[in-house]
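Participant: One structure, as C-alpha cells, below. Some questions next.
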Amino acid sequence: MRGEHKRGAYLVDLSTAVAAPPSPAWTGRILHVWPDGRCQLVTPTGYAWTAAPGDLRPATEEERAAYDAQVRGIQRERAALYQRLRGGAGS
C-alpha cells in the first residue's frame, strides 16, 4: 500500500457508508499518507479524519466533481458573507 496514494488525491472511505438510513461513503482529499497506508482525508467542509487503507478506493469522476462543486459553493458563500460583513462594518 505504501506510495499508492498521493497528497491531494480523491478517495472514498467505504467505512463511512451507512445502511439505515442510507448514506453514501464520504469522499475526501488526501492531506497526509502514513507509511502503513493510513490516510488523513478532508471533506469539502474541512472535517479531517483518518481512514484505514483497506477501506479506501479511488473516487469516481462524478464523486470528484461533486466534491469540487461543494467546495466552490462553500467558497461562494464565504465570499458573500465577507462582502456583507465588510459592507456592514462601515455603516
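Residue numbering restarts at 1 for every chain of the C-alpha cells, chains are lettered A, B, ... in their displayed order, and ligands are numbered from 1 as they appear.
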Counting only C-alpha atoms, what is within 8 Å of segment 57-71 of chain A, bar same-chain residues fewer than 6 positions away, as a list in words?
Facilitator: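 That gives Tyr10, Leu11, Val12, Asp13, Leu14, Thr27, Gly28, Thr43, Pro44 and Thr45 of chain A.
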Participant: Can you write out the residues you just picked, keeping C-alpha atoms, as a JSON list (two decimals), in the first residue's frame?
Facilitator:
```
[["chain", "number", "residue", "atom", "x", "y", "z"],
["A", 10, "TYR", "CA", -9.61, 11.99, -4.04],
["A", 11, "LEU", "CA", -10.53, 8.83, -2.15],
["A", 12, "VAL", "CA", -13.75, 7.31, -0.86],
["A", 13, "ASP", "CA", -13.74, 5.84, 2.67],
["A", 14, "LEU", "CA", -16.10, 2.90, 2.44],
["A", 27, "THR", "CA", -15.30, 11.38, -0.38],
["A", 28, "GLY", "CA", -12.18, 13.16, 0.81],
["A", 43, "THR", "CA", -14.19, 16.79, 3.49],
["A", 44, "PRO", "CA", -15.21, 19.88, 1.49],
["A", 45, "THR", "CA", -16.31, 21.47, 4.78]]
```
Participant: As an exercise, work out the distance from atom CA of Gly54 of chain A to atom CA of Asp36 of chain A in Å and give it to one decimal place.
Facilitator: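 Those two atoms sit 11.0 Å apart.
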Participant: To test your reading of the structure, identify every residue in segment 13-80 of chain A that backbone DSSP assigns to alpha helix (DSSP H), and report it as number ranges by chain.
Facilitator: A: 61-80
Participant: Check the smallest atom-to-atom distance from each of A:Pro53, A:Ala17, A:Leu81, A:Arg7 to His32 of chain A using only C-alpha atoms, then report the winner.
Facilitator: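 For His32 of chain A, the nearest of the given residues is A:Arg7.
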Participant: In segment 6-86 of chain A, what's strand (DSSP E or B) per DSSP? Answer as a list in words?
Facilitator: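 Here are the strand (DSSP E or B) residues of segment 6-86 of chain A: Tyr10, Leu11, Val12, Asp13, Val18, Ser23, Trp26, Thr27, Gly28, Arg29, Ile30, Leu31, His32, Val33, Cys39, Gln40, Leu41, Val42, Ala48, Trp49, Thr50, Ala51, Leu56, Arg57 and Pro58 of chain A.
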